[in-house]
Amino acid sequence: MSKIPFKVSARTARLIGRENIASSKGAIVELVKNAYDADSKICIVYFDNKYAEPADVYTESEFLEIQNKGVTVDLLHEAYEKKSGSFHKRNNLDRGVLLRLETRFRQTSALYIIDAGEGMTDDIIRNHWMTIGTSNKADDPVTKDGRVKSGAKGIGRFALDKLGGRSHMITIFDKKKHENASRDCDGYDWKVNWSDFEGEQRTIDQVYAEYDTFSGVTFKDKVLEDIDNPRLRKLFTPKSFNTGTSLKITNLRETWTLEYVKQVFSDLEVLVPPKGVSLFQIHLFCSQTPDEFGLIKGSLCDDFDYKLEVRAEADKSVRITIHRREYDVDHIDPNLFGRKEMQESPYSQDDFRRGTWTKDTTLDKLAPGFGHNRDVLGKIGPFEFNLYFLKKGYTKDDAKKYSFRFFHPAERKAWLARFGGIKIFRDDFRVRPYGDVGDPAFDWLGLGARKAQSPAGVGKKGGGYRVAAEHLSGAIHISRVENPVFDDKSSREGLQENIEFVAFQEVIKGLIGIFERDRSYIAYEMSKFFTEKHQGEKDQEQARALAKRILERKQEQKNDDTEERNDNSEVPDNEFILASQVQHLEERIEQLTEEQVLLRAMASSGLVMASFTHDLSRLKNQLGSRMRQLEETISSVVKKADYNGIDDNKNPFYLMERMKKNDLKLRNWLNFSLSATRKDKRTRKELILSHYLGRYERDWRMILSERNISFTYTCNEGIRLRSFEVEMDSMLNNLVINSIDSFVRMQENRDRNIRIDIHKSSKKLLVDYYDSGEGLSSDIDPPERIFEALYTTKRNRSTGQAEGTGLGMWIIKTIMEEYDGEVELLFPPTGFGLRLSFPIKYEGKRNV
């Protein structure tokens with residue numbers, strides 16, 4: 001049997017390469033990365049774009065220079081006319097002429113990428129540079145100087161094709177680094193016309209590049225013979241550019257206007273991480289404005305409110321250092337630190353003056369819920385993360401309340417407009433498009449949606465504060481060697497969005513959450529202290545009484561039709577106290593409004609259920625009889641005994657029995673769901689808790705029994721509670737649902753039990769809930785975080801995406817606060833435990 005080889009058309013190979021380079025700006029980045037991989041200490045990007053687009057007026061010398069660049073005299077005179085010694089573009093120029101003029105002017109431009117690296121030998125050019133998709137960088141990821149190479153797919157040379165129709169490479173290799181290379185010449189000259197890849201039936205092995213050697217000329221002289229830019233030429237010192245590679249791209253596919261060059265400069269500003277002095281410098285010049293641009297500097301941030309420095313190790317341990325600079329410590333009232341809540345680390349006065357505190361944690365605690373999933377977090381590997389928070393402004397009232405440090409809002413806004421966003425750097429190079437200002441991937445962590453779900457202000461009780469993405473700037477540092485699980489997308493724009501990447505996103509959000517909780521805790525205590533100090537929170541009860549008396553007196557005056565007042569001297573004080581109370585109530589209303597945002601979303605699903613109640617009730621009734629009727633009808637035609645010994649999948653009586661069981665399950669589910677919307681559950685009434693739990697157990701019996709879960713309770717017959725039954729349902733339903741999920745996840749084989757114990761103390765009515773599931777994960781730190789709105793550890797095992805709403809335990813806490821009650825976590829030897837404590841005032845009264 002003979003064997004025949006596959007062939008790849010040249011056009012297909014070219015398209016594959018070009019599709020892997022997303023944009024022209026991305027192509028430039030790829031070529032700059034090649035310079036880095038060549039161990040160069042410097043890379044020059046030069047746009048020879050003086051005549052990239054036709055201007056309205058040219059001098060005689062400029063007109064001659066344009067002709068020398070290849071624009072024909074006939075085309076120039078067709079488009080321009082001479083007036084007073086200058087050449088002016090003709091009015092009402094024909095569209096066809098204008099298009100030819102713009103195309104020809106664009107072709108006068110050239111783009112250079114120049115480095116001072118190790119250069120290429122004949123072997124490298126033939127066997128690596130000319131081999132599409134070579135695995136050289138993947139197989140040998142570290143350079144001779146110890147850099148981790150930034151490329152890996154072997155298609156970067158197609159960035160040349162993305163940028164222009166022709167490419168010209170000049171390279172001189174470093175003989176010290178390539179001791180075994182040929183010494184027959186000093187360097188190599190390589191040219192390609194990318195249009196050669198087009199053509200019918202042409203395969204990749206039929207496309208050739210022009211290739212030659214040269215000797216007796218320096219790299220500087222060879223490269224600079226076509227470049228007339230004094231600032232660029234000045235970089236070619238006797239100690240630099242003795243070796244390296246120069247890429248010249250012509251027949252450019254884009255019109256590189258000054259505005260477009262500025263965008264490239266901005267992109268390169270954030271290409272390298274914001275560190276001090278870099279071991280790799282990038283310079284950009286253009287001939288259109290020779291004195292503009294130059295060295296591209298990093299984006300160091302020295303005016304921030306908060307800074308996080310994070311170092312994560314391979315063993316999943318994490319050290320976090322938090323720097324606070326938001327507050328003017330000298331202007332904070334010292335009495336604030338006399339509060340009990342502000343005396344423990346890291347909130348003491350000494351901590352504030354120090355401005356820094358450190359926390360040790362683990363990846364498992366930052367992103368709980370991944371423990372059941374093949375140690376996904378362990379595959380992430382070590383990384384570093386620096387985060388800056390910069391608020392853009394503040395009111396005078398807030399400055400007084402929170403003792404904010406002064407800053408210039410305009411300067412911050414301008415800085416964030418350029419350098420905002422959380423970016424990923426791999427081996428000191430940007431991984432785009434994460435954190436790109438103006439790009440959909442600017443908020444790749446979904447912080448905006450997260451804030452919309454929990455819009456609480458920074459100083460609100462109970463936390464819930466979420467920072468907006470536009471107030472953050474950050475840099476995440478990973479490595480191709482130490483973080484191999486993060487691989488490029490085929491387009492070179494972003495990383496593969498596998499489960500490890502999803503887990504990584506959750507880790508970063510967990511780190512941001514540490515900053516959020518620190519800032520929110522301080523703001524709440526400052527706000528509360530300010531209220532007590534300036535607005536007399538202790539006078540709230542007095543304010544209510546005074547307000548009542550004032551209203552009564554007003555009514556009496558109205559009835560008596562008199563304007564006489566007996567306590568004019570007290571009115572200003574009363575008004576002040578009332579104003580203080582109004583302000584307090586407004587803050588409470590604002591908090592309730594924020595809770596409403598969450599409650600509306602939950603209410604929507606209830607409204608949908610209620611709107612279909614009649615239809616669903618009718619369907620529920622049909623479920624109890626339809627299979628019985630079907631069985632009776634079939635039995636009148638065939639006998640059940642006729643199918644004895646027949647395979648179950650072909651036995652209609654067996655299949656009907658299975659359907660009957662499924663109908664019963666569906667009927668029980670509808671019974672349970674529809675009962676939640678009954679009107680009598682939405683009115684406050686006296687519940688005999690033993691009777692209530694009996695009904696509750698019956699509602700859940702079928703669902704729990706199918707899962708082999710037992711439900712037991714103990715409650716004295718005489719214990720009663722005045723409450724809304726729907727609220728009791730809501731709390732217990734959330735607990736039972738969590739228990740079922742826990743039993744499903746539980747890997748240990750043991751009994752599945754849910755138990756509720758209700759008893760009384762002298763001051764409280766206590767409802768203790770227990771299950772024998774896996775209990776709270778030790779990764780949840782502190783455990784009370786489960787009561788935060790939107791906090792969830794339930795995750796899809798395949799994708800790592802959060803599946804829970806994060807609202808169940810928050811609902812329980814919110815309901816108990818309405819009863820002036822408390823929620824307390826219990827920690828039984830196995831499983832989960834929770835106590836609901838109702839004040840005795842809600843205990844029902846026996847009918848006499």
# chains A, B, ... in the order shown; residues from 1 in each chain; ligands from 1

$ residues_around --residues "A:Thr712" --least-positions-apart "2" --cutoff "8 Å" --atoms "only C-alpha atoms" --output "PyMOL selection string"
chain A and resi 710+714+753-756

$ write_last_selection --atoms "N, CA, C and O atoms" --output "mmCIF file, in the first residue's frame"
data_model
loop_
_atom_site.group_PDB
_atom_site.id
_atom_site.type_symbol
_atom_site.label_atom_id
_atom_site.label_comp_id
_atom_site.auth_asym_id
_atom_site.auth_seq_id
_atom_site.Cartn_x
_atom_site.Cartn_y
_atom_site.Cartn_z
ATOM 1 N N SER A 710 -33.981 11.958 55.851
ATOM 2 C CA SER A 710 -34.994 11.931 56.911
ATOM 3 C C SER A 710 -35.162 13.343 57.490
ATOM 4 O O SER A 710 -34.194 14.095 57.588
ATOM 5 N N THR A 714 -38.507 18.343 66.973
ATOM 6 C CA THR A 714 -39.006 18.288 68.353
ATOM 7 C C THR A 714 -39.520 19.670 68.720
ATOM 8 O O THR A 714 -38.815 20.665 68.509
ATOM 9 N N ASN A 753 -29.667 13.277 57.375
ATOM 10 C CA ASN A 753 -30.678 13.679 58.356
ATOM 11 C C ASN A 753 -30.812 15.191 58.430
ATOM 12 O O ASN A 753 -29.810 15.915 58.372
ATOM 13 N N ILE A 754 -32.057 15.655 58.562
ATOM 14 C CA ILE A 754 -32.357 17.055 58.882
ATOM 15 C C ILE A 754 -33.177 17.039 60.170
ATOM 16 O O ILE A 754 -34.148 16.280 60.294
ATOM 17 N N ARG A 755 -32.783 17.871 61.128
ATOM 18 C CA ARG A 755 -33.484 17.918 62.408
ATOM 19 C C ARG A 755 -33.710 19.363 62.836
ATOM 20 O O ARG A 755 -32.815 20.197 62.700
ATOM 21 N N ILE A 756 -34.907 19.642 63.330
ATOM 22 C CA ILE A 756 -35.234 20.965 63.862
ATOM 23 C C ILE A 756 -35.673 20.799 65.313
ATOM 24 O O ILE A 756 -36.583 20.006 65.611
#

$ residues_around --residues "stretch 420-429 of chain A" --least-positions-apart "6" --cutoff "7 Å" --atoms "only C-alpha atoms" --output "ChimeraX atom specification"
/A:148,150,271-273,435-437,442,469-470,472-480

$ write_last_selection --atoms "all heavy atoms" --output "CSV table (one decimal), in the first residue's frame"
chain,number,residue,atom,x,y,z
A,148,VAL,N,11.8,34.3,30.0
A,148,VAL,CA,10.8,33.4,29.5
A,148,VAL,C,10.2,34.0,28.2
A,148,VAL,O,9.7,35.1,28.2
A,148,VAL,CB,9.7,33.2,30.6
A,148,VAL,CG1,8.6,32.2,30.0
A,148,VAL,CG2,10.3,32.6,31.8
A,150,SER,N,7.9,35.0,25.2
A,150,SER,CA,6.5,35.4,25.3
A,150,SER,C,5.6,34.8,24.2
A,150,SER,O,4.4,34.8,24.3
A,150,SER,CB,6.4,37.0,25.1
A,150,SER,OG,6.9,37.4,23.9
A,271,LEU,N,1.9,47.9,27.6
A,271,LEU,CA,2.3,46.6,27.2
A,271,LEU,C,3.2,46.0,28.2
A,271,LEU,O,3.2,44.8,28.5
A,271,LEU,CB,3.1,46.7,25.8
A,271,LEU,CG,3.7,45.4,25.3
A,271,LEU,CD1,2.6,44.4,25.0
A,271,LEU,CD2,4.5,45.7,24.1
A,272,VAL,N,4.1,46.8,28.8
A,272,VAL,CA,5.0,46.3,29.9
A,272,VAL,C,4.4,46.7,31.2
A,272,VAL,O,3.8,47.8,31.3
A,272,VAL,CB,6.4,46.9,29.7
A,272,VAL,CG1,7.1,46.2,28.4
A,272,VAL,CG2,6.4,48.4,29.6
A,273,PRO,N,4.7,46.0,32.3
A,273,PRO,CA,4.1,46.3,33.6
A,273,PRO,C,4.6,47.5,34.2
A,273,PRO,O,5.7,48.0,33.9
A,273,PRO,CB,4.5,45.0,34.4
A,273,PRO,CG,5.7,44.5,33.8
A,273,PRO,CD,5.5,44.8,32.3
A,435,GLY,N,-8.6,44.5,30.6
A,435,GLY,CA,-8.3,45.8,31.2
A,435,GLY,C,-8.1,47.0,30.2
A,435,GLY,O,-7.8,48.1,30.6
A,436,ASP,N,-8.3,46.7,28.9
A,436,ASP,CA,-8.2,47.8,27.9
A,436,ASP,C,-9.3,48.8,28.0
A,436,ASP,O,-10.5,48.4,27.9
A,436,ASP,CB,-8.2,47.2,26.5
A,436,ASP,CG,-6.8,46.7,26.0
A,436,ASP,OD1,-5.9,46.9,26.8
A,436,ASP,OD2,-6.8,46.1,25.0
A,437,VAL,N,-8.9,50.0,28.3
A,437,VAL,CA,-9.9,51.1,28.4
A,437,VAL,C,-10.7,51.2,27.1
A,437,VAL,O,-10.2,51.3,26.0
A,437,VAL,CB,-9.3,52.4,28.7
A,437,VAL,CG1,-10.3,53.5,28.8
A,437,VAL,CG2,-8.5,52.3,30.1
A,442,PHE,N,-12.6,45.4,29.2
A,442,PHE,CA,-12.1,46.2,30.3
A,442,PHE,C,-12.5,45.7,31.7
A,442,PHE,O,-11.7,45.6,32.6
A,442,PHE,CB,-12.6,47.7,30.1
A,442,PHE,CG,-12.3,48.6,31.3
A,442,PHE,CD1,-11.1,49.1,31.5
A,442,PHE,CD2,-13.3,48.9,32.2
A,442,PHE,CE1,-10.8,49.9,32.5
A,442,PHE,CE2,-13.0,49.7,33.3
A,442,PHE,CZ,-11.7,50.2,33.5
A,469,ALA,N,-15.5,49.0,38.6
A,469,ALA,CA,-14.3,48.7,37.8
A,469,ALA,C,-13.5,49.9,37.4
A,469,ALA,O,-12.3,50.0,37.3
A,469,ALA,CB,-14.6,47.9,36.6
A,470,GLU,N,-14.3,51.0,37.2
A,470,GLU,CA,-13.6,52.3,36.7
A,470,GLU,C,-12.8,53.0,37.7
A,470,GLU,O,-12.1,54.0,37.4
A,470,GLU,CB,-14.6,53.2,36.1
A,470,GLU,CG,-15.8,53.6,37.0
A,470,GLU,CD,-17.0,52.7,36.8
A,470,GLU,OE1,-16.8,51.6,36.3
A,470,GLU,OE2,-18.1,53.2,37.1
A,472,LEU,N,-10.5,51.3,39.6
A,472,LEU,CA,-9.4,50.4,39.8
A,472,LEU,C,-8.4,50.4,38.7
A,472,LEU,O,-8.7,50.6,37.6
A,472,LEU,CB,-9.9,48.9,40.0
A,472,LEU,CG,-10.9,48.7,41.2
A,472,LEU,CD1,-11.4,47.2,41.1
A,472,LEU,CD2,-10.3,49.0,42.5
A,473,SER,N,-7.2,50.1,39.1
A,473,SER,CA,-6.1,49.9,38.2
A,473,SER,C,-5.2,48.8,38.8
A,473,SER,O,-5.0,48.8,40.0
A,473,SER,CB,-5.2,51.1,38.0
A,473,SER,OG,-4.1,50.8,37.1
A,474,GLY,N,-4.8,47.8,38.0
A,474,GLY,CA,-4.1,46.7,38.6
A,474,GLY,C,-3.3,45.9,37.6
A,474,GLY,O,-3.5,46.0,36.4
A,475,ALA,N,-2.4,45.1,38.1
A,475,ALA,CA,-1.5,44.3,37.2
A,475,ALA,C,-1.3,42.9,37.9
A,475,ALA,O,-0.9,42.8,39.0
A,475,ALA,CB,-0.1,45.0,37.1
A,476,ILE,N,-1.7,41.9,37.1
A,476,ILE,CA,-1.6,40.5,37.5
A,476,ILE,C,-0.4,40.0,36.7
A,476,ILE,O,-0.3,40.1,35.5
A,476,ILE,CB,-2.8,39.7,37.2
A,476,ILE,CG1,-4.0,40.3,38.0
A,476,ILE,CG2,-2.6,38.3,37.6
A,476,ILE,CD1,-5.4,39.7,37.5
A,477,HIS,N,0.6,39.3,37.5
A,477,HIS,CA,1.8,38.8,36.8
A,477,HIS,C,1.8,37.3,36.9
A,477,HIS,O,1.8,36.7,37.9
A,477,HIS,CB,3.0,39.3,37.5
A,477,HIS,CG,3.1,40.8,37.5
A,477,HIS,ND1,3.7,41.6,36.5
A,477,HIS,CD2,2.7,41.8,38.4
A,477,HIS,CE1,3.6,42.9,36.8
A,477,HIS,NE2,3.0,43.0,37.9
A,478,ILE,N,1.8,36.7,35.7
A,478,ILE,CA,1.8,35.2,35.6
A,478,ILE,C,3.0,34.9,34.7
A,478,ILE,O,3.7,35.8,34.1
A,478,ILE,CB,0.5,34.6,35.0
A,478,ILE,CG1,0.2,35.2,33.6
A,478,ILE,CG2,-0.6,34.9,36.0
A,478,ILE,CD1,-1.0,34.5,33.0
A,479,SER,N,3.3,33.6,34.5
A,479,SER,CA,4.4,33.2,33.7
A,479,SER,C,4.0,32.0,32.8
A,479,SER,O,3.2,31.1,33.3
A,479,SER,CB,5.6,32.8,34.6
A,479,SER,OG,6.6,32.1,33.9
A,480,ARG,N,4.6,31.9,31.6
A,480,ARG,CA,4.3,30.8,30.8
A,480,ARG,C,4.8,29.5,31.4
A,480,ARG,O,4.2,28.4,31.2
A,480,ARG,CB,4.9,31.0,29.4
A,480,ARG,CG,4.5,30.0,28.4
A,480,ARG,CD,5.2,30.3,27.0
A,480,ARG,NE,4.7,31.6,26.5
A,480,ARG,CZ,3.6,31.8,25.9
A,480,ARG,NH1,2.8,30.7,25.7
A,480,ARG,NH2,3.3,33.0,25.4

$ residues_around --residues "A:Asn651" --least-positions-apart "3" --cutoff "12 Å" --atoms "only C-alpha atoms" --output "compact mmCIF listing (two decimals) with C-alpha atoms, in the first residue's frame"
# COMPACT_ATOMS: atom_id res chain seq x y z
CA ILE A 634 -55.34 -0.06 27.15
CA VAL A 638 -54.85 -6.07 25.79
CA LYS A 639 -54.22 -7.86 29.07
CA LYS A 640 -51.36 -7.10 31.40
CA ALA A 641 -50.55 -10.81 31.65
CA ASP A 642 -49.89 -10.89 27.89
CA TYR A 643 -46.65 -8.98 28.51
CA ASN A 644 -45.18 -11.25 31.13
CA GLY A 645 -41.59 -12.00 30.18
CA ILE A 646 -41.46 -9.11 27.69
CA ASP A 647 -38.55 -6.65 27.99
CA ASP A 648 -39.51 -3.71 30.22
CA TYR A 654 -44.25 -1.10 32.88
CA LEU A 655 -43.77 2.18 31.00
CA MET A 656 -47.10 3.52 32.29
CA GLU A 657 -46.05 2.66 35.86
CA ARG A 658 -42.87 4.71 35.41

$ atom_distance --atom1 "atom CA of A:Phe219" --atom2 "atom CA of A:Gly294"
21.4 Å

$ select_by_dssp --residues "stretch 397-516 of chain A" --states "alpha helix (DSSP H)" --output "ChimeraX atom specification"
/A:397-402,409-419,447-453,499-516

$ residues_around --residues "A:His323" --least-positions-apart "2" --cutoff "10 Å" --atoms "only C-alpha atoms" --output "PDB file with N, CA and C atoms, in the first residue's frame"
ATOM      1  N   PHE A 304      -2.859  57.063  45.312  1.00  0.00           N
ATOM      2  CA  PHE A 304      -3.937  56.072  45.431  1.00  0.00           C
ATOM      3  C   PHE A 304      -4.553  56.166  46.817  1.00  0.00           C
ATOM      4  N   ASP A 305      -5.756  55.618  46.940  1.00  0.00           N
ATOM      5  CA  ASP A 305      -6.422  55.530  48.246  1.00  0.00           C
ATOM      6  C   ASP A 305      -6.107  54.204  48.928  1.00  0.00           C
ATOM      7  N   TYR A 306      -6.120  53.146  48.139  1.00  0.00           N
ATOM      8  CA  TYR A 306      -5.792  51.803  48.650  1.00  0.00           C
ATOM      9  C   TYR A 306      -4.867  51.119  47.657  1.00  0.00           C
ATOM     10  N   LYS A 307      -3.982  50.302  48.192  1.00  0.00           N
ATOM     11  CA  LYS A 307      -3.128  49.468  47.344  1.00  0.00           C
ATOM     12  C   LYS A 307      -3.039  48.077  47.954  1.00  0.00           C
ATOM     13  N   LEU A 308      -3.207  47.065  47.129  1.00  0.00           N
ATOM     14  CA  LEU A 308      -3.028  45.676  47.550  1.00  0.00           C
ATOM     15  C   LEU A 308      -1.807  45.100  46.852  1.00  0.00           C
ATOM     16  N   GLU A 309      -0.930  44.485  47.626  1.00  0.00           N
ATOM     17  CA  GLU A 309       0.201  43.744  47.073  1.00  0.00           C
ATOM     18  C   GLU A 309       0.003  42.278  47.443  1.00  0.00           C
ATOM     19  N   ILE A 320      -1.089  38.853  51.618  1.00  0.00           N
ATOM     20  CA  ILE A 320      -1.682  40.095  51.130  1.00  0.00           C
ATOM     21  C   ILE A 320      -1.228  41.250  52.010  1.00  0.00           C
ATOM     22  N   THR A 321      -0.701  42.283  51.399  1.00  0.00           N
ATOM     23  CA  THR A 321      -0.341  43.500  52.122  1.00  0.00           C
ATOM     24  C   THR A 321      -1.238  44.627  51.631  1.00  0.00           C
ATOM     25  N   ARG A 325      -4.215  54.748  52.225  1.00  0.00           N
ATOM     26  CA  ARG A 325      -3.811  56.157  52.132  1.00  0.00           C
ATOM     27  C   ARG A 325      -5.014  57.056  51.894  1.00  0.00           C
ATOM     28  N   GLU A 326      -6.201  56.524  52.153  1.00  0.00           N
ATOM     29  CA  GLU A 326      -7.422  57.280  51.860  1.00  0.00           C
ATOM     30  C   GLU A 326      -7.703  58.357  52.896  1.00  0.00           C
ATOM     31  N   PHE A 352      -3.715  52.684  61.734  1.00  0.00           N
ATOM     32  CA  PHE A 352      -3.979  53.780  60.803  1.00  0.00           C
ATOM     33  C   PHE A 352      -2.721  54.595  60.537  1.00  0.00           C
ATOM     34  N   ARG A 354       0.351  53.541  60.860  1.00  0.00           N
ATOM     35  CA  ARG A 354       1.283  52.697  60.110  1.00  0.00           C
ATOM     36  C   ARG A 354       0.881  52.641  58.643  1.00  0.00           C
ATOM     37  N   GLY A 355      -0.419  52.607  58.380  1.00  0.00           N
ATOM     38  CA  GLY A 355      -0.928  52.639  57.003  1.00  0.00           C
ATOM     39  C   GLY A 355      -0.830  51.336  56.258  1.00  0.00           C
ATOM     40  N   THR A 356      -0.370  50.278  56.917  1.00  0.00           N
ATOM     41  CA  THR A 356      -0.158  48.998  56.233  1.00  0.00           C
ATOM     42  C   THR A 356      -0.505  47.856  57.180  1.00  0.00           C
ATOM     43  N   TRP A 357      -1.157  46.837  56.635  1.00  0.00           N
ATOM     44  CA  TRP A 357      -1.357  45.599  57.403  1.00  0.00           C
ATOM     45  C   TRP A 357      -1.304  44.411  56.463  1.00  0.00           C
ATOM     46  N   THR A 358      -1.016  43.242  57.038  1.00  0.00           N
ATOM     47  CA  THR A 358      -0.769  42.039  56.243  1.00  0.00           C
ATOM     48  C   THR A 358      -1.713  40.925  56.665  1.00  0.00           C
ATOM     49  N   TYR A 388      -4.704  48.953  42.664  1.00  0.00           N
ATOM     50  CA  TYR A 388      -4.840  50.325  43.155  1.00  0.00           C
ATOM     51  C   TYR A 388      -6.310  50.731  43.092  1.00  0.00           C
ATOM     52  N   PHE A 515     -10.199  44.011  50.161  1.00  0.00           N
ATOM     53  CA  PHE A 515     -10.138  45.479  50.179  1.00  0.00           C
ATOM     54  C   PHE A 515     -11.512  46.079  50.448  1.00  0.00           C
TER      55      PHE A 515
END

$ residues_around --residues "stretch 74-87 of chain A" --least-positions-apart "4" --cutoff "8 Å" --atoms "only C-alpha atoms" --output "list in words"
Val57, Tyr58, Thr59, Glu60, Phe63, Leu93, Val97, Leu98 and Leu101 of chain A

$ atom_distance --atom1 "atom CA of A:Ser195" --atom2 "atom CA of A:Leu163"
12.8 Å

$ atom_distance --atom1 "atom CA of A:Lys177" --atom2 "atom CA of A:Asp145"
9.8 Å

$ closest_residue --among "A:Leu224, A:Ser61, A:Gly244, A:Asn229" --to "A:Thr289" --atoms "only C-alpha atoms"
A:Asn229

$ closest_residue --among "A:Ala55, A:Ala159, A:Thr805, A:Leu15" --to "A:Gln453" --atoms "only C-alpha atoms"
A:Thr805

$ select_by_dssp --residues "stretch 360-500 of chain A" --states "strand (DSSP E or B)" --output "VMD selection string"
chain A and resid 360 to 362 383 to 389 404 421 to 426 429 to 431 456 465 472 to 478 488 495

$ write_last_selection --atoms "N, CA and C atoms" --output "short mmCIF file (atom, residue, chain, number, x, y, z; two decimals), in the first residue's frame"
data_model
loop_
_atom_site.label_atom_id
_atom_site.label_comp_id
_atom_site.auth_asym_id
_atom_site.auth_seq_id
_atom_site.Cartn_x
_atom_site.Cartn_y
_atom_site.Cartn_z
N ASP A 360 -2.52 36.67 55.83
CA ASP A 360 -2.18 35.40 55.18
C ASP A 360 -3.44 34.57 55.00
N THR A 361 -3.60 34.03 53.81
CA THR A 361 -4.78 33.21 53.52
C THR A 361 -4.40 32.16 52.47
N THR A 362 -5.40 31.55 51.86
CA THR A 362 -5.15 30.53 50.83
C THR A 362 -6.09 30.77 49.65
N PHE A 383 1.52 33.50 41.41
CA PHE A 383 1.32 34.75 40.67
C PHE A 383 1.44 35.92 41.63
N GLU A 384 1.58 37.11 41.06
CA GLU A 384 1.59 38.35 41.83
C GLU A 384 0.47 39.24 41.33
N PHE A 385 -0.03 40.09 42.22
CA PHE A 385 -1.14 40.97 41.87
C PHE A 385 -0.99 42.28 42.65
N ASN A 386 -0.93 43.38 41.92
CA ASN A 386 -0.92 44.70 42.53
C ASN A 386 -2.18 45.44 42.11
N LEU A 387 -2.93 45.91 43.08
CA LEU A 387 -4.21 46.58 42.82
C LEU A 387 -4.20 47.97 43.43
N TYR A 388 -4.70 48.95 42.66
CA TYR A 388 -4.84 50.33 43.15
C TYR A 388 -6.31 50.73 43.09
N PHE A 389 -6.78 51.35 44.16
CA PHE A 389 -8.12 51.93 44.18
C PHE A 389 -7.97 53.44 44.26
N PHE A 404 -11.28 62.31 54.58
CA PHE A 404 -10.56 61.94 53.37
C PHE A 404 -9.33 62.83 53.17
N GLY A 421 -8.16 49.95 34.81
CA GLY A 421 -8.43 48.56 34.44
C GLY A 421 -7.42 47.59 35.03
N ILE A 422 -7.87 46.36 35.26
CA ILE A 422 -7.01 45.31 35.79
C ILE A 422 -6.45 44.51 34.62
N LYS A 423 -5.14 44.53 34.47
CA LYS A 423 -4.49 43.93 33.31
C LYS A 423 -3.70 42.69 33.72
N ILE A 424 -3.52 41.80 32.77
CA ILE A 424 -2.73 40.59 33.00
C ILE A 424 -1.42 40.71 32.23
N PHE A 425 -0.32 40.42 32.91
CA PHE A 425 1.00 40.43 32.29
C PHE A 425 1.60 39.03 32.42
N ARG A 426 2.00 38.48 31.29
CA ARG A 426 2.67 37.18 31.30
C ARG A 426 4.11 37.38 30.90
N PHE A 429 4.83 40.87 29.78
CA PHE A 429 4.17 41.40 28.59
C PHE A 429 2.66 41.31 28.75
N ARG A 430 1.97 42.35 28.28
CA ARG A 430 0.52 42.39 28.37
C ARG A 430 -0.13 41.24 27.63
N VAL A 431 -1.17 40.69 28.28
CA VAL A 431 -2.06 39.76 27.61
C VAL A 431 -3.33 40.54 27.31
N ALA A 456 -25.00 48.73 47.44
CA ALA A 456 -24.87 49.41 48.72
C ALA A 456 -23.71 50.39 48.72
N TYR A 465 -20.89 46.45 50.14
CA TYR A 465 -20.24 47.42 49.26
C TYR A 465 -19.45 46.68 48.18
N LEU A 472 -10.53 51.27 39.56
CA LEU A 472 -9.43 50.36 39.84
C LEU A 472 -8.39 50.36 38.73
N SER A 473 -7.16 50.15 39.13
CA SER A 473 -6.07 49.86 38.19
C SER A 473 -5.24 48.76 38.82
N GLY A 474 -4.84 47.80 38.02
CA GLY A 474 -4.10 46.69 38.61
C GLY A 474 -3.29 45.93 37.60
N ALA A 475 -2.36 45.14 38.10
CA ALA A 475 -1.50 44.33 37.24
C ALA A 475 -1.34 42.95 37.87
N ILE A 476 -1.72 41.92 37.10
CA ILE A 476 -1.55 40.53 37.52
C ILE A 476 -0.37 39.96 36.75
N HIS A 477 0.56 39.34 37.45
CA HIS A 477 1.77 38.82 36.82
C HIS A 477 1.76 37.29 36.86
N ILE A 478 1.75 36.68 35.69
CA ILE A 478 1.84 35.24 35.57
C ILE A 478 3.01 34.89 34.66
N ASP A 488 -2.88 30.65 25.39
CA ASP A 488 -3.45 31.67 24.51
C ASP A 488 -4.66 31.14 23.75
N LEU A 495 -6.81 34.68 26.97
CA LEU A 495 -6.46 33.33 27.39
C LEU A 495 -7.64 32.39 27.22
#

$ residues_around --residues "A:Ser403" --least-positions-apart "3" --cutoff "12 Å" --atoms "only C-alpha atoms" --output "list in words"
Arg325, Glu326, Tyr327, Asp328, Val329, Asp330, His331, Ile332, Asp333, Pro334, Leu336, Tyr394, Thr395, Lys396, Asp397, Asp398, Ala399, Lys400, Phe406, Ile522, Ala523, Met526, Ser527 and Phe530 of chain A

$ residues_around --residues "A:Thr243" --least-positions-apart "6" --cutoff "8 Å" --atoms "only C-alpha atoms" --output "list of chain:residue names"
A:Ala116, A:Gly117, A:Glu118, A:Gly119, A:Thr171, A:Ile172, A:Phe173, A:Asp174, A:Phe219

$ closest_residue --among "A:Met731, A:Met627, A:Val767, A:Met809" --to "A:Asn662" --atoms "only C-alpha atoms"
A:Met627
